[in-house]
$ cat data.cif   # mmCIF, C-alpha atoms
data_protein
loop_
_atom_site.label_atom_id
_atom_site.label_comp_id
_atom_site.auth_asym_id
_atom_site.auth_seq_id
_atom_site.Cartn_x
_atom_site.Cartn_y
_atom_site.Cartn_z
CA MET A 869 -43.87 -28.94 88.08
CA ASP A 870 -43.11 -32.10 86.07
CA ARG A 871 -39.59 -31.77 84.58
CA GLU A 872 -40.90 -33.31 81.35
CA HIS A 873 -43.02 -30.22 80.73
CA THR A 874 -40.53 -27.62 81.95
CA ILE A 875 -38.80 -25.36 79.42
CA MET A 876 -36.05 -23.17 80.78
CA LYS A 877 -35.31 -19.92 78.95
CA TYR A 878 -32.00 -19.09 77.36
CA ARG A 879 -29.90 -16.75 79.49
CA ILE A 880 -28.64 -13.39 78.26
CA LEU A 881 -26.04 -11.29 80.04
CA ILE A 882 -26.34 -7.54 79.41
CA ALA A 883 -22.96 -5.94 80.10
CA ASP A 884 -23.51 -2.18 79.97
CA ALA A 885 -22.57 0.66 82.33
CA SER A 886 -25.79 2.54 81.51
CA GLU A 887 -28.75 1.62 83.70
CA GLU A 888 -31.04 3.04 81.00
CA ASN A 889 -29.53 0.77 78.33
CA ARG A 890 -29.85 -2.26 80.59
CA SER A 891 -33.49 -1.41 81.29
CA ILE A 892 -34.33 -0.89 77.60
CA LEU A 893 -32.70 -4.16 76.54
CA SER A 894 -34.30 -6.05 79.43
CA ALA A 895 -37.72 -4.74 78.38
CA MET A 896 -37.09 -5.81 74.78
CA LEU A 897 -35.86 -9.30 75.65
CA GLY A 898 -37.11 -10.14 79.13
CA GLU A 899 -40.34 -11.77 77.98
CA GLN A 900 -38.49 -14.40 75.97
CA TYR A 901 -35.14 -14.76 77.77
CA GLU A 902 -33.76 -14.89 81.29
CA ILE A 903 -31.75 -11.71 81.87
CA SER A 904 -28.61 -11.12 83.94
CA ALA A 905 -26.77 -7.80 84.10
CA ALA A 906 -23.26 -6.46 84.67
CA GLU A 907 -22.27 -2.81 85.13
CA ASN A 908 -18.61 -3.23 84.13
CA GLY A 909 -16.25 -5.58 82.34
CA THR A 910 -14.83 -7.11 85.51
CA GLU A 911 -18.31 -8.05 86.73
CA ALA A 912 -19.16 -9.53 83.30
CA ALA A 913 -16.00 -11.63 83.31
CA GLY A 914 -16.84 -12.84 86.82
CA LEU A 915 -20.26 -14.05 85.70
CA LEU A 916 -18.67 -15.95 82.80
CA LYS A 917 -16.00 -17.75 84.82
CA GLY A 918 -15.77 -21.49 84.46
CA ASP A 919 -17.71 -22.79 81.47
CA GLY A 920 -19.57 -19.55 80.82
CA GLY A 921 -21.71 -19.42 83.94
CA GLY A 922 -24.72 -20.81 82.11
CA ILE A 923 -24.86 -17.69 79.91
CA ASP A 924 -26.05 -18.40 76.36
CA LEU A 925 -25.40 -14.95 74.87
CA MET A 926 -23.83 -11.69 76.05
CA LEU A 927 -24.75 -8.19 74.89
CA LEU A 928 -21.45 -6.41 75.44
CA ASN A 929 -21.02 -2.64 75.27
CA LEU A 930 -17.69 -1.51 73.86
CA MET A 931 -17.46 1.25 76.46
CA LEU A 932 -17.28 -0.42 79.86
CA PRO A 933 -15.44 0.70 83.02
CA GLU A 934 -12.65 -1.43 84.56
CA MET A 935 -12.49 -3.74 81.51
CA GLY A 936 -13.62 -2.39 78.14
CA GLY A 937 -15.66 -4.49 75.75
CA LEU A 938 -12.64 -5.39 73.61
CA GLU A 939 -10.71 -6.33 76.74
CA VAL A 940 -13.53 -8.66 77.76
CA LEU A 941 -13.31 -10.32 74.33
CA GLU A 942 -9.55 -10.74 74.73
CA TRP A 943 -10.12 -12.29 78.18
CA MET A 944 -12.77 -14.63 76.73
CA ASN A 945 -10.29 -15.78 74.09
CA ARG A 946 -7.73 -16.59 76.79
CA GLN A 947 -10.39 -18.53 78.70
CA ASN A 948 -11.56 -20.38 75.53
CA LEU A 949 -15.07 -18.95 76.00
CA ILE A 950 -15.54 -17.34 72.57
CA GLY A 951 -16.92 -20.55 71.12
CA THR A 952 -19.14 -21.10 74.16
CA VAL A 953 -20.75 -17.71 74.80
CA PRO A 954 -21.44 -15.58 71.70
CA ALA A 955 -20.85 -11.86 72.26
CA VAL A 956 -23.02 -9.31 70.42
CA MET A 957 -21.29 -5.94 70.66
CA ILE A 958 -23.06 -2.64 71.41
CA GLY A 959 -21.72 0.63 70.01
CA LYS A 960 -22.90 4.21 69.52
CA ALA A 961 -22.35 4.06 65.77
CA TYR A 962 -20.97 1.87 63.03
CA ASP A 963 -17.29 2.43 63.82
CA PRO A 964 -15.41 0.36 61.20
CA VAL A 965 -12.19 0.25 63.24
CA CYS A 966 -13.84 -0.98 66.46
CA MET A 967 -16.11 -3.32 64.54
CA GLU A 968 -13.22 -4.91 62.66
CA LYS A 969 -11.28 -5.37 65.89
CA ALA A 970 -14.31 -6.85 67.64
CA PHE A 971 -14.92 -9.34 64.84
CA GLU A 972 -11.23 -10.28 64.80
CA LEU A 973 -11.57 -11.10 68.50
CA GLY A 974 -14.56 -13.35 67.81
CA ALA A 975 -17.62 -11.11 68.29
CA ALA A 976 -20.73 -12.71 66.81
CA ASP A 977 -22.51 -9.50 65.76
CA TYR A 978 -22.73 -5.74 66.32
CA ILE A 979 -25.74 -3.59 67.32
CA CYS A 980 -25.91 0.21 67.22
CA MET A 981 -27.63 2.61 69.58
CA PRO A 982 -30.31 3.85 69.72
CA PHE A 983 -31.79 0.36 69.94
CA HIS A 984 -34.36 -0.79 67.41
CA ALA A 985 -36.42 -3.48 69.15
CA ALA A 986 -37.10 -5.60 66.07
CA ILE A 987 -33.43 -5.62 65.05
CA VAL A 988 -32.21 -6.42 68.58
CA ARG A 989 -34.64 -9.33 68.89
CA ARG A 990 -33.83 -10.67 65.44
CA ARG A 991 -30.06 -10.55 65.89
CA VAL A 992 -30.23 -12.11 69.34
CA ALA A 993 -32.51 -14.88 68.07
CA ASN A 994 -30.29 -15.50 65.02
CA THR A 995 -27.14 -15.73 67.13
CA ILE A 996 -28.73 -18.04 69.68
CA THR A 997 -30.11 -20.23 66.90
CA LEU A 998 -26.63 -20.56 65.40
CA TYR A 999 -25.02 -21.52 68.70
CA ALA A 1000 -27.95 -23.74 69.67
CA GLY A 1001 -27.12 -25.75 66.57
CA GLN A 1002 -23.62 -26.30 67.91
CA LYS A 1003 -24.48 -27.08 71.53
CA LYS A 1004 -27.61 -27.74 73.55
CA PRO A 1005 -27.45 -25.68 76.78
CA ALA A 1006 -27.43 -27.88 79.86
CA HIS A 1007 -30.18 -25.87 81.51
CA ILE A 1008 -32.63 -26.44 78.64
CA ALA A 1009 -34.91 -29.42 79.31
CA GLU A 1010 -33.58 -32.37 77.27
CA ASN A 1011 -36.50 -34.75 77.72
CA ARG A 1012 -39.14 -32.41 76.37
CA LYS A 1013 -41.91 -34.21 74.48
CA LEU A 1014 -42.49 -33.36 70.82
CA SER A 1015 -46.19 -33.43 71.59
CA ASP A 1016 -45.66 -30.34 73.74
CA GLY A 1017 -45.34 -28.31 70.52
CA PRO A 1018 -42.41 -26.39 69.00
CA ASP A 1019 -39.71 -25.01 71.27
CA PRO A 1020 -40.15 -21.21 71.27
CA TYR A 1021 -36.39 -20.70 71.48
CA ILE A 1022 -35.38 -22.93 68.56
CA ARG A 1023 -36.86 -22.29 65.14
CA ASP A 1024 -37.77 -25.93 64.39
CA CYS A 1025 -37.30 -28.77 66.87
CA ARG A 1026 -38.56 -31.65 64.70
CA PRO A 1027 -36.08 -34.50 64.18
CA GLY A 1028 -33.80 -33.66 61.27
CA ALA A 1029 -35.21 -30.13 60.85
CA GLU A 1030 -31.95 -28.45 61.86
CA LYS A 1031 -30.05 -30.49 59.27
CA ASP A 1032 -32.70 -29.73 56.63
CA THR A 1033 -32.42 -26.00 57.36
CA ARG A 1034 -28.64 -26.10 56.98
CA GLU A 1035 -29.11 -27.88 53.65
CA GLU A 1036 -31.53 -25.15 52.53
CA HIS A 1037 -28.95 -22.49 53.44
CA LYS A 1038 -26.29 -24.36 51.55
CA ARG A 1039 -28.48 -24.72 48.44
CA ILE A 1040 -29.33 -21.00 48.47
CA ALA A 1041 -25.65 -20.09 48.91
CA GLU A 1042 -24.71 -22.35 45.96
CA LEU A 1043 -27.54 -20.92 43.84
CA MET A 1044 -26.41 -17.36 44.54
CA ARG A 1045 -22.84 -18.18 43.57
CA ALA A 1046 -24.11 -19.60 40.26
CA LEU A 1047 -26.40 -16.62 39.60
CA LYS A 1048 -23.50 -14.21 40.10
CA LYS A 1049 -22.08 -15.55 36.83
CA VAL A 1050 -25.15 -14.14 35.06
CA PHE A 1051 -26.18 -11.06 37.08
CA ASP A 1052 -24.12 -8.09 38.26
CA ILE A 1053 -25.50 -8.33 41.81
CA VAL A 1054 -27.19 -11.23 43.59
CA ARG A 1055 -28.28 -10.82 47.19
CA LEU A 1056 -30.77 -12.06 49.77
CA VAL A 1057 -32.93 -9.47 51.55
CA ASP A 1058 -34.90 -9.59 54.79
CA VAL A 1059 -37.63 -7.14 53.79
CA ALA A 1060 -39.17 -6.95 57.27
CA GLU A 1061 -35.97 -5.36 58.60
CA SER A 1062 -34.66 -3.91 55.28
CA TYR A 1063 -31.35 -5.69 55.81
CA GLN A 1064 -29.21 -7.63 53.39
CA ILE A 1065 -28.66 -11.26 54.41
CA LYS A 1066 -25.71 -13.49 53.63
CA PRO A 1067 -26.61 -17.19 53.66
CA SER A 1068 -23.76 -19.41 54.79
CA ASP A 1069 -23.02 -23.06 54.26
CA ASN A 1070 -23.09 -23.71 58.02
CA GLY A 1071 -26.77 -22.83 58.19
CA MET A 1072 -26.82 -19.28 59.56
CA ASP A 1073 -28.19 -16.08 58.04
CA ILE A 1074 -25.61 -13.34 58.65
CA ILE A 1075 -27.10 -9.84 58.64
CA THR A 1076 -24.78 -7.43 56.89
CA LEU A 1077 -23.96 -4.10 58.47
CA HIS A 1078 -25.97 -1.93 56.09
CA HIS A 1079 -29.54 -1.57 54.93
CA CYS A 1080 -30.53 -3.13 51.62
CA TYR A 1081 -31.46 0.27 50.15
CA ALA A 1082 -27.92 1.59 50.64
CA ILE A 1083 -27.00 0.06 47.28
CA TRP A 1084 -29.23 2.69 45.63
CA ASN A 1085 -27.60 5.55 47.57
CA ARG A 1086 -30.75 6.07 49.63
CA GLY A 1087 -31.27 6.73 53.30
CA GLN A 1088 -34.61 4.93 53.62
CA ARG A 1089 -36.57 2.06 52.06
CA CYS A 1090 -37.69 2.68 48.47
CA GLU A 1091 -41.28 3.86 48.19
CA ASN A 1092 -41.94 1.33 45.43
CA CYS A 1093 -39.91 -1.59 46.79
CA VAL A 1094 -40.13 -4.52 44.40
CA SER A 1095 -38.80 -6.92 47.04
CA VAL A 1096 -41.61 -6.06 49.44
CA LYS A 1097 -44.10 -6.68 46.62
CA ALA A 1098 -42.54 -10.07 45.92
CA TYR A 1099 -42.61 -10.87 49.65
CA VAL A 1100 -46.25 -9.83 50.08
CA LYS A 1101 -47.42 -11.73 46.99
CA ARG A 1102 -45.08 -14.71 47.63
CA SER A 1103 -44.06 -14.53 43.98
CA GLN A 1104 -41.56 -13.05 41.52
CA MET A 1105 -41.66 -9.38 40.54
CA VAL A 1106 -39.60 -7.23 38.15
CA LYS A 1107 -38.75 -3.52 38.28
CA ILE A 1108 -36.54 -0.95 36.58
CA GLU A 1109 -34.41 0.81 39.22
CA PHE A 1110 -31.77 3.52 39.01
CA CYS A 1111 -28.75 4.75 40.93
CA ASP A 1112 -27.49 8.18 39.94
CA THR A 1113 -27.47 7.92 36.11
CA ASP A 1114 -27.21 4.12 35.93
CA ILE A 1115 -30.28 2.03 35.07
CA TYR A 1116 -30.79 -1.49 36.50
CA LEU A 1117 -33.22 -4.35 35.97
CA VAL A 1118 -34.20 -5.92 39.30
CA ILE A 1119 -35.77 -9.37 39.53
CA ALA A 1120 -37.10 -10.12 43.03
CA ARG A 1121 -38.17 -13.65 43.92
CA TYR A 1122 -39.68 -14.86 47.21
CA VAL A 1123 -37.84 -17.78 48.84
CA GLU A 1124 -38.06 -19.57 52.17
CA ILE A 1125 -35.20 -20.88 54.28
CA GLY A 1126 -36.07 -22.88 57.35
CA GLY A 1127 -39.63 -21.56 57.24
CA THR A 1128 -38.51 -17.90 57.16
CA GLY A 1129 -39.36 -15.77 54.14
CA TYR A 1130 -36.72 -13.76 52.27
CA VAL A 1131 -36.43 -12.20 48.83
CA LEU A 1132 -33.70 -13.15 46.38
CA GLU A 1133 -32.71 -10.13 44.29
CA MET A 1134 -30.99 -10.55 40.91
CA ILE A 1135 -29.79 -7.22 39.51
CA SER A 1136 -28.32 -6.37 36.10
CA ARG A 1137 -27.15 -3.04 34.79
CA VAL A 1138 -28.94 -2.01 31.58
CA ASN A 1139 -26.32 -1.15 28.96
CA ASP A 1140 -28.48 -1.56 25.87
CA ARG A 1141 -28.55 1.91 24.28
CA LEU A 1142 -31.35 0.81 21.95
CA LEU A 1143 -33.52 0.21 25.00
CA LEU A 1144 -32.62 3.56 26.51
CA GLY A 1145 -32.53 5.49 23.26
CA ALA A 1146 -36.30 6.04 23.04
CA TYR A 1147 -36.14 8.32 26.06
CA GLY A 1148 -32.55 9.03 27.03
CA ILE A 1149 -31.22 8.14 30.46
CA ASN A 1150 -32.25 11.31 32.30
CA GLU A 1151 -35.75 11.33 30.85
CA LEU A 1152 -36.21 7.65 31.71
CA ILE A 1153 -35.10 8.28 35.31
CA ASP A 1154 -37.56 11.18 35.56
CA LYS A 1155 -40.34 8.92 34.28
CA ILE A 1156 -39.47 6.24 36.84
CA ILE A 1157 -39.53 8.78 39.69
CA SER A 1158 -42.81 10.22 38.44
CA HIS A 1159 -44.35 6.75 38.10
CA ASN A 1160 -43.37 5.75 41.63
CA LYS A 1161 -44.91 8.92 43.07
CA GLU A 1162 -48.13 8.67 41.07
CA LEU A 1163 -48.48 4.99 41.91
CA TYR A 1164 -48.65 5.46 45.66
CA ILE A 1165 -49.55 9.10 46.37
CA ASP A 1166 -53.11 10.24 47.08
CA SER A 1167 -53.69 13.11 44.66
CA LEU A 1168 -55.94 15.09 47.01
CA THR A 1169 -53.93 15.07 50.24
CA GLY A 1170 -50.39 14.14 49.25
CA ALA A 1171 -50.38 11.25 51.75
CA PHE A 1172 -49.64 7.71 50.61
CA ASN A 1173 -52.68 5.86 49.30
CA ARG A 1174 -54.33 2.53 50.21
CA ARG A 1175 -52.49 0.80 47.37
CA TYR A 1176 -49.19 1.63 49.09
CA TYR A 1177 -50.39 -0.17 52.21
CA GLU A 1178 -51.55 -3.21 50.23
CA ASP A 1179 -48.32 -3.49 48.21
CA GLN A 1180 -45.68 -2.32 50.67
CA LEU A 1181 -46.82 -2.83 54.27
CA LYS A 1182 -49.65 -5.34 54.60
CA GLY A 1183 -47.43 -8.41 54.36
CA LEU A 1184 -44.80 -7.24 56.84
CA THR A 1185 -44.80 -8.91 60.23
CA ARG A 1186 -43.21 -6.12 62.27
CA LEU A 1187 -44.08 -2.46 62.45
CA GLU A 1188 -42.95 -0.92 65.72
CA ALA A 1189 -46.09 1.21 66.12
CA VAL A 1190 -49.23 2.16 64.21
CA ALA A 1191 -52.03 4.65 64.72
CA MET A 1192 -55.45 4.99 63.12
CA ILE A 1193 -56.60 8.61 62.79
CA ASP A 1194 -60.18 9.58 61.98
CA ILE A 1195 -61.50 13.11 61.40
CA ASP A 1196 -64.36 13.87 63.77
CA ASN A 1197 -67.73 14.93 62.34
CA PHE A 1198 -66.43 14.93 58.76
CA LYS A 1199 -69.92 14.41 57.33
CA GLN A 1200 -71.03 17.59 59.11
CA ILE A 1201 -68.26 19.53 57.35
CA ASN A 1202 -69.42 18.26 53.94
CA ASP A 1203 -73.10 18.87 54.73
CA THR A 1204 -72.55 22.35 56.19
CA CYS A 1205 -69.80 23.79 54.02
CA GLY A 1206 -69.82 21.56 50.95
CA HIS A 1207 -67.52 18.87 49.60
CA PHE A 1208 -64.96 21.39 48.37
CA ALA A 1209 -64.50 22.60 51.94
CA GLY A 1210 -64.32 18.98 53.08
CA ASP A 1211 -61.49 18.35 50.63
CA ARG A 1212 -59.68 21.43 51.96
CA GLY A 1213 -60.15 20.10 55.48
CA LEU A 1214 -58.59 16.76 54.55
CA ALA A 1215 -55.59 18.45 52.96
CA GLU A 1216 -55.19 20.82 55.93
CA ILE A 1217 -55.18 17.96 58.43
CA VAL A 1218 -52.70 15.89 56.41
CA GLU A 1219 -50.36 18.87 56.17
CA THR A 1220 -50.66 19.39 59.93
CA ILE A 1221 -49.91 15.73 60.66
CA HIS A 1222 -46.86 15.88 58.42
CA THR A 1223 -45.51 18.80 60.44
CA CYS A 1224 -45.75 16.60 63.57
CA ILE A 1225 -43.85 13.64 62.12
CA LEU A 1226 -40.46 14.96 61.15
CA ARG A 1227 -38.76 11.65 60.32
CA VAL A 1228 -38.87 10.61 56.67
CA ARG A 1229 -39.32 6.94 57.62
CA ASP A 1230 -42.67 7.66 59.33
CA VAL A 1231 -45.48 6.98 56.85
CA LEU A 1232 -48.94 8.55 56.67
CA ILE A 1233 -51.49 6.68 54.53
CA ARG A 1234 -54.98 7.72 53.50
CA PHE A 1235 -56.61 4.45 54.44
CA GLY A 1236 -60.07 5.34 53.23
CA GLY A 1237 -62.26 8.45 53.12
CA ASP A 1238 -61.44 10.49 56.21
CA GLU A 1239 -59.45 7.73 57.95
CA PHE A 1240 -55.65 7.68 57.99
CA LEU A 1241 -53.04 5.12 59.01
CA LEU A 1242 -49.80 6.36 60.58
CA VAL A 1243 -46.92 3.85 60.59
CA PHE A 1244 -43.69 3.97 62.60
CA SER A 1245 -40.95 1.44 61.89
CA GLU A 1246 -38.78 2.54 64.80
CA ILE A 1247 -39.97 4.62 67.75
CA SER A 1248 -39.93 4.38 71.53
CA ALA A 1249 -43.18 4.06 73.45
CA GLN A 1250 -42.71 7.48 75.05
CA GLU A 1251 -41.98 9.24 71.76
CA PHE A 1252 -44.93 7.45 70.13
CA GLU A 1253 -47.31 8.79 72.76
CA GLU A 1254 -45.83 12.29 72.46
CA VAL A 1255 -46.27 12.32 68.67
CA LEU A 1256 -49.93 11.26 68.87
CA GLU A 1257 -50.69 13.93 71.46
CA ARG A 1258 -48.83 16.49 69.35
CA ILE A 1259 -50.98 15.59 66.35
CA ARG A 1260 -54.21 15.85 68.37
CA ALA A 1261 -53.27 19.27 69.75
CA ALA A 1262 -52.05 20.62 66.40
CA VAL A 1263 -55.21 19.59 64.54
CA SER A 1264 -57.40 21.18 67.23
CA GLU A 1265 -55.72 24.52 66.46
CA CYS A 1266 -56.58 24.30 62.75
CA SER A 1267 -59.41 26.30 61.23
CA LEU A 1268 -61.26 25.80 58.00
CA GLU A 1269 -61.27 28.86 55.75
CA GLY A 1270 -64.79 29.98 54.96
CA CYS A 1271 -66.32 27.87 57.76
CA PRO A 1272 -65.34 29.56 61.05
CA GLN A 1273 -68.07 27.64 62.91
CA ILE A 1274 -66.32 24.30 62.21
CA ARG A 1275 -63.66 23.14 64.66
CA LEU A 1276 -61.40 20.42 63.31
CA SER A 1277 -60.45 17.51 65.54
CA VAL A 1278 -59.35 13.89 65.23
CA SER A 1279 -59.77 10.65 67.19
CA ILE A 1280 -56.70 8.43 67.40
CA GLY A 1281 -56.08 4.81 68.33
CA GLY A 1282 -52.41 3.92 68.78
CA VAL A 1283 -50.73 0.52 69.20
CA HIS A 1284 -47.07 -0.09 70.07
CA SER A 1285 -45.18 -3.42 70.02
CA VAL A 1286 -48.01 -5.61 68.75
CA TYR A 1287 -47.24 -8.07 65.95
CA PRO A 1288 -47.97 -8.92 63.19
CA ALA A 1289 -48.81 -5.63 61.51
CA VAL A 1290 -52.34 -6.61 60.50
CA LYS A 1291 -53.17 -7.41 64.14
CA ALA A 1292 -51.76 -4.07 65.30
CA ILE A 1293 -53.77 -2.15 62.68
CA ARG A 1294 -56.99 -3.97 63.57
CA LEU A 1295 -56.49 -3.17 67.27
CA ALA A 1296 -55.60 0.46 66.49
CA ASP A 1297 -58.84 0.76 64.49
CA GLU A 1298 -60.86 -0.57 67.43
CA LEU A 1299 -59.17 1.87 69.81
CA MET A 1300 -59.81 4.75 67.45
CA TYR A 1301 -63.57 4.05 67.38
CA ARG A 1302 -63.56 3.67 71.17
CA ALA A 1303 -61.77 7.01 71.49
CA LYS A 1304 -64.36 8.63 69.23
CA ALA A 1305 -67.25 7.15 71.24
CA THR A 1306 -65.85 8.17 74.63
CA LYS A 1307 -64.55 11.58 73.47
CA ASN A 1308 -61.05 10.64 74.72
CA THR A 1309 -59.61 11.53 71.28
CA VAL A 1310 -56.43 9.46 71.91
CA LEU A 1311 -56.32 5.87 73.21
CA THR A 1312 -53.15 3.77 73.13
CA PHE A 1313 -52.21 0.14 73.79
CA TYR A 1314 -48.75 -1.32 74.41
CA GLY A 1315 -47.91 -4.95 73.73
CA ASN A 1316 -44.83 -6.81 74.91
CA GLY A 1317 -43.33 -7.47 71.46
#
$ encode --input "data.cif" --output "structure tokens"
Amino acid sequence: MDREHTIMKYRILIADASEENRSILSAMLGEQYEISAAENGTEAAGLLKGDGGGIDLMLLNLMLPEMGGLEVLEWMNRQNLIGTVPAVMIGKAYDPVCMEKAFELGAADYICMPFHAAIVRRRVANTITLYAGQKKPAHIAENRKLSDGPDPYIRDCRPGAEKDTREEHKRIAELMRALKKVFDIVRLVDVAESYQIKPSDNGMDIITLHHCYAIWNRGQRCENCVSVKAYVKRSQMVKIEFCDTDIYLVIARYVEIGGTGYVLEMISRVNDRLLLGAYGINELIDKIISHNKELYIDSLTGAFNRRYYEDQLKGLTRLEAVAMIDIDNFKQINDTCGHFAGDRGLAEIVETIHTCILRVRDVLIRFGGDEFLLVFSEISAQEFEEVLERIRAAVSECSLEGCPQIRLSVSIGGVHSVYPAVKAIRLADELMYRAKATKNTVLTFYGNG
């Protein structure tokens, strides 16, 4: 093949004693990167000898035999490799002591198990982008024509684009420093991953080690997330938020840095007692909670409604998996037993589905009539398939009071690792109708992410 049209992939070294971990990470990254593997620290060090062995990034587990992850970092410092090969650490949990030590030794980032595919890909891409700005790997084709299109491994390869992106980062960082003189909290949020971002003057977005919703003492993304609304509408939105008994005004504004969309949040604590006096703090908090629930909850079934999808999910690029669920022969239920029985059937099925999805971050949406959208932000392919089969089996065991002749069932189309979200939902809808037509009840499709 003509060298002028050859693009070599960046090389990633996965240093992990677990064959399962190496396989999972390889599956997540192998489509986009060239993968090498090491089972222990000594083997990893051997692959990095010299100028880094052509490795562009290493995923390094803290717990390695022969040489532990921290020992490998110490060795890399002695060999002057820290600035050449970025090391993204892997740990079982956010261990502040180990993390601090790893960062002191020059680690570029830290990833926790179990692995979330979108987060792994994003952090790897961010780290490679940062280091690609400092050096161009020798094995990447240098004489590539601009007419060949954008380099899939560098965000923007146009002349001067890298410098422009760094200038955008710098301007945002300066703006945030100025805004902090006016607001109590100013931060940049990646709404697709629900992570807080720290823009730096050197042109790199640094993902902080906690979710953006942690500031509100919550364990999952807010149901009525103003930043997602701002992101979806590409505009500025305002919301009253609370944390314990404190009330805050949140201004969320959509911004772009290097072609990537973020939301700039400007937050102020409300101390004006005249503003709060009409209700009282506790009553106002209760009204906010009630408003958020009424805004996005379907009154008949208790599932989220279509408005929730439009405001909170439609604009997101990555949802790990989605499923479209349709009740079979629903018209027959209404015609035979009446609409009241049909409503009971809808509520019964939603309650059954909820018993099959035990994680609070899994979202069930009444998409329209007797059709439901099930959204998973983080789930393995195997678990996804198991959940869908569990739902199918559980619904088939349901009965409709007063209509013993009616057997409830659903047809399901499931899609895993297909992006963006709107594409995944469209494909899931097609699979669901195919499942209904062929009486397969559950059809699934797996992309490569």
$ residues_around --input "data.cif" --residues "His984 of chain A" --least-positions-apart "2" --cutoff "10 Å" --atoms "all atoms listed in the file" --output "ChimeraX atom specification"
/A:893,896,979-982,986-989,1188,1245-1248
$ axis_aligned_box --input "data.cif" --around "segment 1174-1177 of chain A" --padding-each-side "4 Å" --output "JSON"
{"center_x": -51.8, "center_y": 1.2, "center_z": 49.8, "size_x": 13.1, "size_y": 10.7, "size_z": 12.8}
$ resolve_selection --input "data.cif" --expression "the PyMOL selection byres ((chain A and resi 1295) around 10)" --output "list in words"
Val1190, Ala1191, Met1192, Gly1281, Gly1282, Val1283, Val1286, Ala1289, Val1290, Lys1291, Ala1292, Ile1293, Arg1294, Ala1296, Asp1297, Glu1298, Leu1299, Met1300, Thr1312 and Phe1313 of chain A
$ residues_around --input "data.cif" --residues "segment 1084-1090 of chain A" --least-positions-apart "5" --cutoff "9 Å" --atoms "only C-alpha atoms" --output "mmCIF file with C-alpha atoms, keeping the file's coordinate frame"
data_model
loop_
_atom_site.group_PDB
_atom_site.id
_atom_site.type_symbol
_atom_site.label_atom_id
_atom_site.label_comp_id
_atom_site.auth_asym_id
_atom_site.auth_seq_id
_atom_site.Cartn_x
_atom_site.Cartn_y
_atom_site.Cartn_z
ATOM 1 C CA SER A 1062 -34.660 -3.910 55.280
ATOM 2 C CA HIS A 1079 -29.540 -1.570 54.930
ATOM 3 C CA GLU A 1109 -34.410 0.810 39.220
ATOM 4 C CA PHE A 1110 -31.770 3.520 39.010
ATOM 5 C CA CYS A 1111 -28.750 4.750 40.930
ATOM 6 C CA ASP A 1112 -27.490 8.180 39.940
ATOM 7 C CA VAL A 1228 -38.870 10.610 56.670
ATOM 8 C CA ARG A 1229 -39.320 6.940 57.620
#
$ atom_distance --input "data.cif" --atom1 "atom CA of Glu1219 of chain A" --atom2 "atom CA of Thr1169 of chain A"
7.9 Å
$ closest_residue --input "data.cif" --among "A:Asp1211, A:Ala1171, A:Tyr1177, A:Glu1124" --to "Arg1039 of chain A" --atoms "all atoms listed in the file"
A:Glu1124
$ atom_distance --input "data.cif" --atom1 "atom CA of Ile996 of chain A" --atom2 "atom CA of Thr952 of chain A"
11.0 Å
$ atom_distance --input "data.cif" --atom1 "atom CA of Leu1256 of chain A" --atom2 "atom CA of Lys1304 of chain A"
14.7 Å
$ resolve_selection --input "data.cif" --expression "the PyMOL selection byres ((chain A and resi 953-955) around 9)" --output "ChimeraX atom specification"
/A:916,919-920,922-928,941,944,949-952,956-957,974-978,995-996,999
$ residues_around --input "data.cif" --residues "Glu942 of chain A" --least-positions-apart "3" --cutoff "12 Å" --atoms "only C-alpha atoms" --output "PyMOL selection string"
chain A and resi 909+913+935-939+945-950+955+969-975
$ closest_residue --input "data.cif" --among "A:Gly1126, A:Phe1208, A:Val965, A:Asp1114" --to "Ile1040 of chain A" --atoms "all atoms listed in the file"
A:Gly1126
$ closest_residue --input "data.cif" --among "A:Asp1194, A:Glu1061, A:Glu1091, A:Glu911" --to "Val1263 of chain A" --atoms "only C-alpha atoms"
A:Asp1194
